[in-house]
Each structure stands twice: as C-alpha cells, then as structure tokens.
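Engineer: Contents of query32.txt (compact mmCIF, C-alpha atoms and all ligand atoms) are given next:
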# COMPACT_ATOMS: atom_id res chain seq x y z
CA MET A 1 82.51 90.70 124.35
CA ASP A 2 83.69 87.69 126.41
CA ARG A 3 84.10 84.22 124.92
CA ASP A 4 80.94 82.85 126.55
CA THR A 5 78.85 85.62 125.03
CA VAL A 6 80.46 85.09 121.64
CA LYS A 7 79.76 81.34 121.55
CA ILE A 8 76.11 81.86 122.51
CA LEU A 9 75.72 84.61 119.90
CA LYS A 10 77.24 82.40 117.20
CA THR A 11 74.92 79.51 118.14
CA GLU A 12 71.88 81.79 117.96
CA LEU A 13 72.95 83.11 114.56
CA LEU A 14 73.51 79.56 113.20
CA CYS A 15 70.02 78.52 114.35
CA LEU A 16 67.96 81.67 113.80
CA GLY A 17 69.72 83.33 110.87
CA ALA A 18 69.90 87.06 110.23
CA LYS A 19 68.00 89.48 108.03
CA VAL A 20 70.35 91.22 105.61
CA SER A 21 67.97 92.90 103.18
CA GLY A 22 69.22 96.34 102.34
CA ALA A 23 72.60 95.69 103.96
CA ASP A 24 74.20 94.98 100.61
CA VAL A 25 75.71 91.78 101.98
CA ASP A 26 76.45 88.75 99.82
CA ARG A 27 73.70 86.40 101.02
CA GLY A 28 75.61 83.36 99.80
CA ARG A 29 74.95 80.88 97.03
CA LYS A 30 71.32 79.77 97.01
CA ALA A 31 72.11 76.05 96.93
CA GLY A 32 74.96 73.57 97.04
CA ALA A 33 76.24 70.46 98.78
CA GLY A 34 76.98 71.92 102.21
CA PRO A 35 75.23 74.46 104.43
CA ALA A 36 74.47 76.84 101.54
CA ALA A 37 72.15 79.87 101.46
CA GLY A 38 74.16 81.62 104.13
CA GLY A 39 76.30 84.70 104.57
CA MET A 40 79.74 84.63 106.17
CA PHE A 41 80.06 86.94 109.19
CA ILE A 42 83.35 87.52 110.99
CA PHE A 43 83.05 88.99 114.49
CA GLU A 44 84.70 88.95 117.89
CA GLY A 45 87.41 86.45 116.90
CA THR A 46 85.12 83.92 115.30
CA VAL A 47 83.35 83.29 111.99
CA ALA A 48 79.83 82.06 111.26
CA ASN A 49 78.01 80.84 108.16
CA VAL A 50 74.62 82.38 108.97
CA PRO A 51 71.32 81.47 107.25
CA THR A 52 70.10 84.49 105.28
CA GLN A 53 67.66 83.06 102.76
CA SER A 54 65.54 80.38 104.48
CA TRP A 55 61.90 81.12 105.42
CA PHE A 56 62.56 81.33 109.18
CA VAL A 57 65.08 84.16 108.77
CA SER A 58 62.19 86.67 108.61
CA GLN A 59 61.38 85.67 112.24
CA SER A 60 64.95 86.18 113.47
CA PRO A 61 65.60 89.00 115.94
CA TYR A 62 68.98 89.54 114.24
CA SER A 63 69.60 92.01 111.42
CA VAL A 64 72.67 93.33 109.66
CA TYR A 65 73.06 96.95 108.54
CA ASN A 66 75.64 98.67 106.40
CA ILE A 67 76.95 101.65 108.36
CA SER A 68 79.44 102.93 105.78
CA SER A 69 78.98 106.00 103.70
CA GLU A 70 77.82 105.29 100.19
CA TYR A 71 81.24 106.30 98.87
CA LYS A 72 83.05 103.40 100.53
CA SER A 73 84.25 100.62 98.28
CA GLU A 74 82.94 97.09 98.80
CA ARG A 75 86.03 96.05 100.77
CA GLN A 76 85.88 99.09 103.07
CA ARG A 77 82.25 98.69 104.10
CA ARG A 78 81.38 98.26 107.77
CA TYR A 79 78.38 96.44 109.14
CA VAL A 80 76.64 96.17 112.49
CA LEU A 81 74.66 93.29 113.86
CA THR A 82 71.54 94.17 115.84
CA LYS A 83 69.18 92.09 117.97
CA ASP A 84 65.62 93.44 118.24
CA GLY A 85 67.00 96.77 117.05
CA GLU A 86 69.78 96.95 119.67
CA ARG A 87 73.36 97.14 118.45
CA ILE A 88 75.26 93.96 119.37
CA THR A 89 78.59 94.21 117.60
CA GLU A 90 80.32 95.18 114.39
CA ILE A 91 80.83 92.40 111.86
CA SER A 92 82.92 92.11 108.75
CA VAL A 93 81.88 90.28 105.64
CA PRO A 94 84.70 88.68 103.65
CA ILE A 95 84.91 89.92 100.07
CA ALA A 96 86.86 87.75 97.64
CA ARG A 97 88.80 89.50 94.90
CA PHE A 98 89.41 86.24 93.03
CA GLN A 99 85.67 85.66 92.62
CA LYS A 100 85.51 88.58 90.19
CA LEU A 101 87.93 86.97 87.69
CA LYS A 102 87.29 84.62 84.77
CA THR A 103 89.21 81.72 83.26
CA ARG A 104 90.81 82.11 79.85
CA ASP A 105 87.82 80.33 78.35
CA GLY A 106 85.43 82.79 80.02
CA ILE A 107 84.10 80.86 83.04
CA PRO A 108 83.69 83.14 86.08
CA TYR A 109 85.86 81.96 88.98
CA TYR A 110 82.86 82.14 91.34
CA LYS A 111 81.31 79.28 89.37
CA ILE A 112 84.39 77.17 90.07
CA ALA A 113 85.08 77.85 93.77
CA LEU A 114 84.06 80.25 96.53
CA LEU A 115 85.61 81.82 99.60
CA HIS A 116 84.20 80.07 102.70
CA GLY A 117 84.59 81.39 106.19
CA ALA A 118 87.51 83.76 106.64
CA ASP A 119 90.19 82.07 104.55
CA CYS A 120 89.04 78.79 103.00
CA LEU A 121 88.63 78.09 99.29
CA ALA A 122 85.76 75.63 98.83
CA THR A 123 84.23 73.79 95.93
CA THR A 124 82.17 70.78 94.94
CA THR A 125 84.35 69.10 92.32
CA ILE A 126 81.52 67.00 90.83
CA GLN A 127 78.22 68.80 91.25
CA THR A 128 76.05 65.79 90.42
CA CYS A 129 75.21 62.88 92.70
CA VAL A 130 74.29 59.31 91.83
CA TYR A 131 71.50 59.42 94.43
CA TRP A 132 69.91 62.72 93.33
CA ASN A 133 67.02 61.38 91.25
CA THR A 134 66.43 58.38 93.49
CA PRO A 135 64.65 57.76 96.81
CA LYS A 136 68.11 57.50 98.38
CA ARG A 137 68.88 61.23 98.05
CA CYS A 138 69.82 63.05 101.28
CA LYS A 139 66.80 65.23 102.00
CA PHE A 140 68.85 68.12 103.42
CA CYS A 141 71.08 68.37 100.33
CA ALA A 142 70.83 70.88 97.47
CA ILE A 143 73.83 69.78 95.41
CA GLU A 144 72.21 69.82 91.98
CA LEU A 145 70.06 72.90 92.59
CA SER A 146 72.98 75.25 92.10
CA LEU A 147 73.46 73.67 88.67
CA LEU A 148 69.85 74.43 87.81
CA ASN A 149 70.43 78.01 89.00
CA ASN A 150 73.45 78.24 86.68
CA ALA A 151 75.52 79.25 89.73
CA THR A 152 78.20 76.67 89.04
CA ILE A 153 79.42 74.11 86.50
CA ALA A 154 78.87 70.34 86.66
CA LYS A 155 82.49 69.25 86.87
CA LYS A 156 85.49 71.41 87.68
CA THR A 157 88.71 70.30 86.01
CA PRO A 158 91.96 70.01 88.00
CA GLU A 159 93.44 72.77 85.79
CA GLN A 160 90.55 75.15 86.51
CA LEU A 161 90.80 74.53 90.24
CA ALA A 162 94.56 74.97 90.27
CA GLU A 163 94.17 78.31 88.46
CA VAL A 164 91.46 79.56 90.84
CA ALA A 165 93.33 78.35 93.93
CA GLU A 166 96.49 80.15 92.86
CA ALA A 167 94.53 83.39 92.44
CA ALA A 168 92.67 82.94 95.74
CA LYS A 169 95.95 82.41 97.60
CA ARG A 170 97.61 85.39 95.93
CA LEU A 171 94.70 87.87 96.03
CA ASP A 172 92.74 86.83 99.11
CA LYS A 173 95.29 85.01 101.25
CA VAL A 174 93.29 81.79 101.50
CA THR A 175 95.19 79.35 103.70
CA HIS A 176 93.39 76.06 103.07
CA VAL A 177 91.04 74.30 100.66
CA THR A 178 87.86 72.20 101.03
CA LEU A 179 86.88 69.86 98.21
CA THR A 180 83.66 67.92 98.35
CA THR A 181 81.93 65.83 95.70
CA GLY A 182 78.63 64.31 94.79
CA THR A 183 78.92 60.53 95.08
CA THR A 184 79.82 58.91 91.76
CA ALA A 185 78.53 55.60 90.41
CA THR A 186 82.02 54.10 90.68
CA PRO A 187 83.43 51.95 93.56
CA ASP A 188 85.79 54.78 94.61
CA LYS A 189 82.72 57.06 95.24
CA GLY A 190 84.54 60.01 93.68
CA ILE A 191 87.81 59.64 95.61
CA ASN A 192 89.99 59.24 92.50
CA TYR A 193 88.80 62.53 91.06
CA LEU A 194 89.27 64.27 94.41
CA ALA A 195 92.86 62.94 94.43
CA GLU A 196 93.45 64.22 90.89
CA THR A 197 92.11 67.70 91.63
CA ALA A 198 93.88 67.89 95.00
CA LYS A 199 97.17 67.01 93.31
CA ALA A 200 96.78 69.85 90.82
CA ILE A 201 95.92 72.36 93.57
CA LYS A 202 98.76 71.15 95.76
CA GLU A 203 101.29 71.50 92.94
CA ALA A 204 100.05 75.00 92.10
CA THR A 205 99.76 76.38 95.64
CA GLY A 206 101.12 74.03 98.31
CA LEU A 207 97.97 74.78 100.39
CA PRO A 208 96.66 72.25 102.94
CA ILE A 209 93.68 70.41 101.40
CA HIS A 210 90.61 68.74 102.88
CA VAL A 211 88.40 66.31 100.92
CA GLN A 212 85.03 64.79 101.75
CA PHE A 213 83.63 61.46 100.53
CA GLU A 214 81.45 58.49 101.39
CA PRO A 215 83.16 55.35 102.78
CA PRO A 216 84.50 53.55 99.68
CA ASP A 217 83.85 49.85 98.98
CA ASP A 218 87.56 49.13 99.38
CA LEU A 219 89.26 51.06 102.18
CA LYS A 220 92.59 50.98 100.28
CA MET A 221 91.12 53.69 98.07
CA ILE A 222 91.55 56.14 100.94
CA ASP A 223 95.30 55.47 100.77
CA THR A 224 95.43 57.09 97.32
CA LEU A 225 94.79 60.46 98.97
CA HIS A 226 97.79 60.17 101.26
CA GLU A 227 100.30 62.17 99.20
CA VAL A 228 98.07 65.05 98.14
CA VAL A 229 95.55 65.60 100.91
CA ASP A 230 95.97 66.72 104.53
CA THR A 231 92.60 66.03 106.13
CA VAL A 232 89.40 64.15 105.22
CA GLY A 233 85.70 64.23 106.11
CA ILE A 234 83.65 61.03 106.09
CA HIS A 235 80.19 62.18 107.10
CA ILE A 236 77.76 60.01 109.05
CA GLU A 237 75.21 62.91 109.33
CA SER A 238 73.27 61.11 112.14
CA PHE A 239 74.14 58.38 114.63
CA GLU A 240 70.52 57.25 114.79
CA PRO A 241 69.78 54.53 112.17
CA ALA A 242 66.02 55.24 111.96
CA VAL A 243 66.72 58.94 111.35
CA LEU A 244 69.24 58.16 108.63
CA GLN A 245 66.82 55.73 107.04
CA ARG A 246 64.24 58.54 106.77
CA ILE A 247 66.51 61.49 105.92
CA ALA A 248 69.51 60.02 104.09
CA LYS A 249 68.70 56.55 102.78
CA CYS A 250 72.00 56.30 100.90
CA LYS A 251 73.87 56.79 104.17
CA SER A 252 71.71 54.32 106.12
CA ASP A 253 72.49 51.64 103.54
CA ILE A 254 76.12 51.79 104.71
CA PRO A 255 76.51 49.85 107.98
CA PHE A 256 77.86 51.88 110.89
CA GLU A 257 80.80 49.46 111.07
CA ARG A 258 81.88 50.60 107.59
CA TYR A 259 81.99 54.20 108.79
CA VAL A 260 84.05 53.13 111.79
CA ALA A 261 86.43 51.14 109.58
CA ALA A 262 86.82 54.09 107.18
CA TRP A 263 87.41 56.52 110.06
CA LYS A 264 90.04 54.22 111.59
CA ARG A 265 91.83 53.81 108.28
CA ALA A 266 91.76 57.56 107.68
CA VAL A 267 93.08 58.36 111.17
CA GLU A 268 95.94 55.90 110.59
CA ILE A 269 96.85 57.78 107.42
CA PHE A 270 96.16 61.42 108.31
CA GLY A 271 96.46 61.43 112.09
CA ASP A 272 94.38 62.34 115.12
CA THR A 273 91.91 65.26 114.63
CA GLN A 274 92.63 65.31 110.87
CA VAL A 275 89.51 63.25 110.17
CA SER A 276 86.03 64.66 110.76
CA THR A 277 82.40 63.75 110.40
CA TYR A 278 79.41 66.06 109.98
CA VAL A 279 76.65 65.43 112.49
CA ILE A 280 73.36 67.24 111.79
CA ALA A 281 71.20 68.22 114.77
CA GLY A 282 67.50 68.80 114.21
CA ILE A 283 66.44 65.94 111.94
CA GLY A 284 64.58 63.92 114.58
CA GLU A 285 67.46 62.47 116.61
CA SER A 286 67.85 62.36 120.39
CA ASP A 287 70.43 64.40 122.27
CA GLU A 288 71.86 61.15 123.55
CA SER A 289 72.56 59.82 120.05
CA ILE A 290 74.58 62.93 119.22
CA ILE A 291 76.49 62.95 122.50
CA GLU A 292 77.24 59.23 122.63
CA GLY A 293 77.92 59.03 118.88
CA SER A 294 80.33 61.94 119.19
CA ARG A 295 82.06 60.13 122.05
CA ILE A 296 82.66 57.12 119.77
CA ALA A 297 84.02 59.40 117.04
CA VAL A 298 86.33 61.31 119.39
CA GLU A 299 87.67 58.07 120.89
CA LEU A 300 88.68 57.09 117.35
CA GLY A 301 90.41 60.43 116.74
CA VAL A 302 87.55 61.83 114.62
CA TYR A 303 86.25 65.38 115.16
CA PRO A 304 82.42 65.43 115.30
CA PHE A 305 81.51 68.59 113.37
CA ILE A 306 78.03 69.16 114.81
CA VAL A 307 75.88 71.58 112.84
CA PRO A 308 72.26 72.65 113.23
CA LEU A 309 70.06 71.61 110.30
CA ARG A 310 70.25 74.16 107.46
CA PRO A 311 66.88 74.01 105.63
CA ILE A 312 68.11 75.21 102.23
CA PRO A 313 65.40 76.71 99.99
CA GLY A 314 64.56 74.15 97.29
CA SER A 315 65.83 71.16 99.30
CA MET A 316 63.38 68.52 100.53
CA LEU A 317 63.68 69.90 104.07
CA GLU A 318 63.22 73.55 103.07
CA LYS A 319 60.12 73.94 105.27
CA GLU A 320 61.84 72.66 108.41
CA LYS A 321 63.30 74.86 111.12
CA PRO A 322 66.75 74.51 112.70
CA PRO A 323 66.84 73.32 116.32
CA GLU A 324 66.45 75.84 119.13
CA PRO A 325 69.70 77.60 120.11
CA ALA A 326 69.32 76.36 123.71
CA ARG A 327 69.36 72.74 122.51
CA MET A 328 72.45 73.36 120.36
CA GLN A 329 74.15 75.05 123.28
CA HIS A 330 73.47 72.01 125.48
CA LEU A 331 74.83 69.63 122.81
CA TYR A 332 77.92 71.76 122.28
CA GLU A 333 78.62 71.94 126.02
CA GLN A 334 78.31 68.16 126.42
CA VAL A 335 80.49 67.34 123.43
CA ALA A 336 83.05 70.02 124.36
CA ASP A 337 83.52 68.11 127.63
CA ILE A 338 84.29 64.97 125.60
CA LEU A 339 86.75 66.87 123.38
CA HIS A 340 88.40 68.22 126.52
CA ASP A 341 88.73 64.74 128.06
CA PHE A 342 90.52 63.49 124.93
CA GLY A 343 92.58 66.63 124.32
CA MET A 344 90.99 67.19 120.91
CA GLN A 345 90.98 70.78 119.60
CA TRP A 346 89.80 72.22 116.31
CA SER A 347 92.97 74.31 116.07
CA LYS A 348 95.05 71.14 115.55
CA ASN A 349 93.19 70.44 112.32
CA LYS A 350 95.09 71.47 109.18
CA ALA A 351 92.37 72.10 106.60
CA GLY A 352 88.67 72.05 105.78
CA CYS A 353 85.48 72.55 107.73
CA VAL A 354 86.98 71.97 111.19
CA ARG A 355 89.68 74.54 110.55
CA CYS A 356 87.18 76.95 108.94
CA ARG A 357 84.59 76.37 111.76
CA ALA A 358 82.01 78.72 110.22
CA CYS A 359 79.20 76.15 110.18
CA SER A 360 79.55 74.69 113.69
CA GLY A 361 79.59 76.28 117.12
CA LEU A 362 81.43 73.34 118.67
CA PRO A 363 84.95 74.80 118.19
CA ASP A 364 83.78 77.94 120.02
CA PHE A 365 82.65 75.84 123.01
CA GLU A 366 86.02 74.12 123.40
CA TYR A 367 88.00 74.91 126.51
S1 LIG A 401 82.66 74.93 107.70
FE1 LIG A 401 82.97 73.89 105.72
S2 LIG A 401 81.01 74.12 104.59
FE2 LIG A 401 81.00 75.57 106.35
S3 LIG A 401 81.77 77.48 105.44
FE3 LIG A 401 83.54 76.43 106.29
S4 LIG A 401 84.43 75.22 104.61
FE4 LIG A 401 82.35 75.86 104.01
As a first step, turn the structure in this file into structure tokens.
Ligand code: SF4

Structural biologist:
Amino acid sequence: MDRDTVKILKTELLCLGAKVSGADVDRGRKAGAGPAAGGMFIFEGTVANVPTQSWFVSQSPYSVYNISSEYKSERQRRYVLTKDGERITEISVPIARFQKLKTRDGIPYYKIALLHGADCLATTTIQTCVYWNTPKRCKFCAIELSLLNNATIAKKTPEQLAEVAEAAKRLDKVTHVTLTTGTTATPDKGINYLAETAKAIKEATGLPIHVQFEPPDDLKMIDTLHEVVDTVGIHIESFEPAVLQRIAKCKSDIPFERYVAAWKRAVEIFGDTQVSTYVIAGIGESDESIIEGSRIAVELGVYPFIVPLRPIPGSMLEKEKPPEPARMQHLYEQVADILHDFGMQWSKNKAGCVRCRACSGLPDFEY
C-alpha cells in the first residue's frame, strides 16, 4: 500500500471507526481524559487509535476479523481489516504484557497506566477534574467516567507509576511516556504533581516523558518541569472563541494570549516541536480557524495535533458524529503544507502524543 493510500485509510478509520465484535480485540478503555473508547491498530507503517465503541461505529464500512487458528496465543493472533467485506490489509493489535501484572498491594497495572499506540505508556495521574461537576466541564471529556467504571484509580502515586513504567519498558519495550491530569484547584493546575511523578518515572527508567496541562497562572511553574520532562502539551482544543465558550467553558475563560504566552515559554524551555496543542475538528468550528490557528501555533514552534472529535460513550457529546473523512483530509493537507514551510516534523518530537501519532492523521500527511 502506498503512503497516500495509508494516510487516507487512517483518516477514514479515525472518523468512521471499525466494528470489532467477534474479533477478540481489546476495544480500549470505555472512558478517560483523551480519545478513549478506541482500539489501537498498527498497519502499513502507521498506528491508529480507532473508535470501536461509539454509536456510529455500527455504520462503519470497516470491520476487523481474527484470522488465526483458535490455538494461537493472544500475542500470535493475526487480524485483517475489511471494507464492505473486501480485505484491505492485515493489522496487528498491540498486546501489553505489563498490563496483566499487579502491584504489591494488589492494584492491577492496567488501572495505573496503559499501552497507547505502538510503544507509549500513558496515564492520567489525577483522574478527577475541578471542572467536572460544573458548567465549565469540557463536553468532549470523559475523565471521571473511567473512575465510575472502576477501570482506574483516582490518583496514581509516583511510586506506582515508576513501578509500572519499569515493567512496561522491560516487558513491552515502551520507549516514551504520556502523563496527563485533570485540572486541580491549585494555581499550578496540577503541574507540581506531574513534575513529581515524572521525576520518579525518569529515575526508574530514563524514558522520555510528555506531560499535558492547562496554562498555569504563573508561567514560571512550567520551568519546574525542565529537569524531568522532555515535551509538553498545552491544549487549546479550538481556535474559535465561540466554539470554546460552548464546548469547553473552562478553556474559553483563559484568554488566547495566555495560551500563546505559555506556548512561548514552553518552547523556550523544551525547544521547537517539543510543545504541542490538541485541536479538535468537528465541534462547530470553521476550516479556516483550524488552518489559520495551526499556522500561528507552528510559527511559535508548537505542533498542532489535529484530531477528529471522538464522541466517547457517556460524555456530553456522545451522540455527536466525527467530521467526514474528506473534511479531515482537506484540513490535514492544508496544515501539512504549513508544517512543510516551517520544517516541522512529528519525528523530531521526543515523547507523547505527537511521537505516538495514533490519534491524529496529520503526521501521516507530512511530506
Ligand atoms: S496520541 Fe496520545 S492520547 Fe492518542 S493514543 Fe497516543 S499517547 Fe494516547
């Protein structure tokens, strides 16, 4: 399959999802802070976090089938992806050995961190958010739902994360780590705890680490991450103020200038392409806002990690549908031109979502 075909296939999978019933595939955690409720598919030199549980998946032309004999172990199983019944390609589904272990005090590792993409260990350090029970909650988010499902624990300690990260590196060859957090009620917005947990993981494994947080009240707080973290994500979600006001009130309360100031500070500390921002397509914004907003980000050295809306079951947007693949393709082509003009490439990023690239097609459109 050529690269153009692969990038279009990945975009379609991100937007339409795939049916996996009967394929014996891990359909992903039902909820969480990021694009949850998806399965990780590795194919044709790329990786995709594909919706497998949302309502629209039943309408997808894509399905996954297990083509192994019943005697094959979980790690030896082979799968094919079909479109309208026609075989498209073989896919592999990453299986994490570490996720089967437990801590000394009996907590399953999968409740502490998960394998994301091909080789990323990911976790939400603090699974609660100060905005959750308020009108300011981000409507696309499902951070506290996985707590209700008993799929995780409310706060992971640095010791627990260091232990799990060591096992994930040893058993599953993870090469980088993503740490996100619900926003805390403190001025640092959760940064201090991210720094503490990152330090413990770094000391135990030496792995490159990515952390995600809201712009803090005092930008100096970002400096505290300098020694222990390699890359950061400060997520605007949408460049259109009216959209943010409706979908993520907590984010719209932060002036755009504060995002810009936080991005600039972070780029000074971590370097070009080591800072990223999630941009969600499909929540009512114009194409122009995404393209021109991404241009501003790229000019500052920030990678715009553009993802189609993931309507997670149980979230306030669960009944929505992701944007059409053709629209995402257009956005990715336009923003890939901007990346090209500035010489920005996902492969220069050391850790986190940009390096993982499972949730966005943009890296696949780079040239
Ligand atoms: S891109 Fe980020 S959120 Fe998506 S699977 Fe990778 S690490 Fe997880």

Engineer: Please give me, as a list in words, the residues lying within 8 Å of ligand LIG 401 (chain A) when counting only C-alpha atoms and all ligand atoms.

Structural biologist: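 Every residue with an atom at most 8 Å from ligand LIG 401 (chain A) is listed here: Gly34, Pro35, Ala36, Met40, Ala48, Asn49, His116, Gly117, Cys120, Leu121, Ala122, Val177, Thr178, Gly352, Cys353, Val354, Arg355, Cys356, Arg357, Ala358, Cys359 and Ser360 of chain A.
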
Engineer: Pick out the closest residue to Glu237 (chain A) from this set: A:Arg327, A:Lys139, A:Lys202, A:Lys169. Count only C-alpha atoms.

Structural biologist: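 Selected residue with least distance to Glu237 (chain A): A:Lys139.
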
Engineer: Calculate how many Å separate CA of Thr197 (chain A) from CA of Gly314 (chain A), rounding to one decimal.

Structural biologist: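 CA of Gly314 (chain A) lies at a distance of 28.9 Å from CA of Thr197 (chain A).
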
Engineer: Can you tell me which residues surround Glu163 (chain A) at a distance of at most 8 Å, considering only C-alpha atoms, apart from same-chain residues fewer than 3 positions away, and format the answer as JSON, numbers by chain?

Structural biologist: {"A": [103, 159, 160, 166, 167, 204]}

Engineer: List the neighbours of Leu207 (chain A) out to 12 Å using all atoms listed in the file; skip same-chain residues closer than 4 positions along the sequence, and give me the result as a compact mmCIF listing (two decimals) with C-alpha atoms, in the coordinates of the input.

Structural biologist:
# COMPACT_ATOMS: atom_id res chain seq x y z
CA ASP A 119 90.19 82.07 104.55
CA CYS A 120 89.04 78.79 103.00
CA LEU A 121 88.63 78.09 99.29
CA ALA A 162 94.56 74.97 90.27
CA ALA A 165 93.33 78.35 93.93
CA GLU A 166 96.49 80.15 92.86
CA ALA A 168 92.67 82.94 95.74
CA LYS A 169 95.95 82.41 97.60
CA ARG A 170 97.61 85.39 95.93
CA LYS A 173 95.29 85.01 101.25
CA VAL A 174 93.29 81.79 101.50
CA THR A 175 95.19 79.35 103.70
CA HIS A 176 93.39 76.06 103.07
CA VAL A 177 91.04 74.30 100.66
CA THR A 178 87.86 72.20 101.03
CA ALA A 198 93.88 67.89 95.00
CA LYS A 199 97.17 67.01 93.31
CA ALA A 200 96.78 69.85 90.82
CA ILE A 201 95.92 72.36 93.57
CA LYS A 202 98.76 71.15 95.76
CA GLU A 203 101.29 71.50 92.94
CA VAL A 228 98.07 65.05 98.14
CA VAL A 229 95.55 65.60 100.91
CA ASP A 230 95.97 66.72 104.53
CA THR A 231 92.60 66.03 106.13
CA LYS A 350 95.09 71.47 109.18
CA ALA A 351 92.37 72.10 106.60
CA GLY A 352 88.67 72.05 105.78

Engineer: For a quick check of understanding, using all atoms listed in the file, which of A:Ile191, A:Ile269, A:Met328, A:Leu225 has the smallest distance to Leu16 (chain A)?

Structural biologist: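 Between A:Ile191, A:Ile269, A:Met328, A:Leu225, the residue approaching Leu16 (chain A) most closely is A:Met328.
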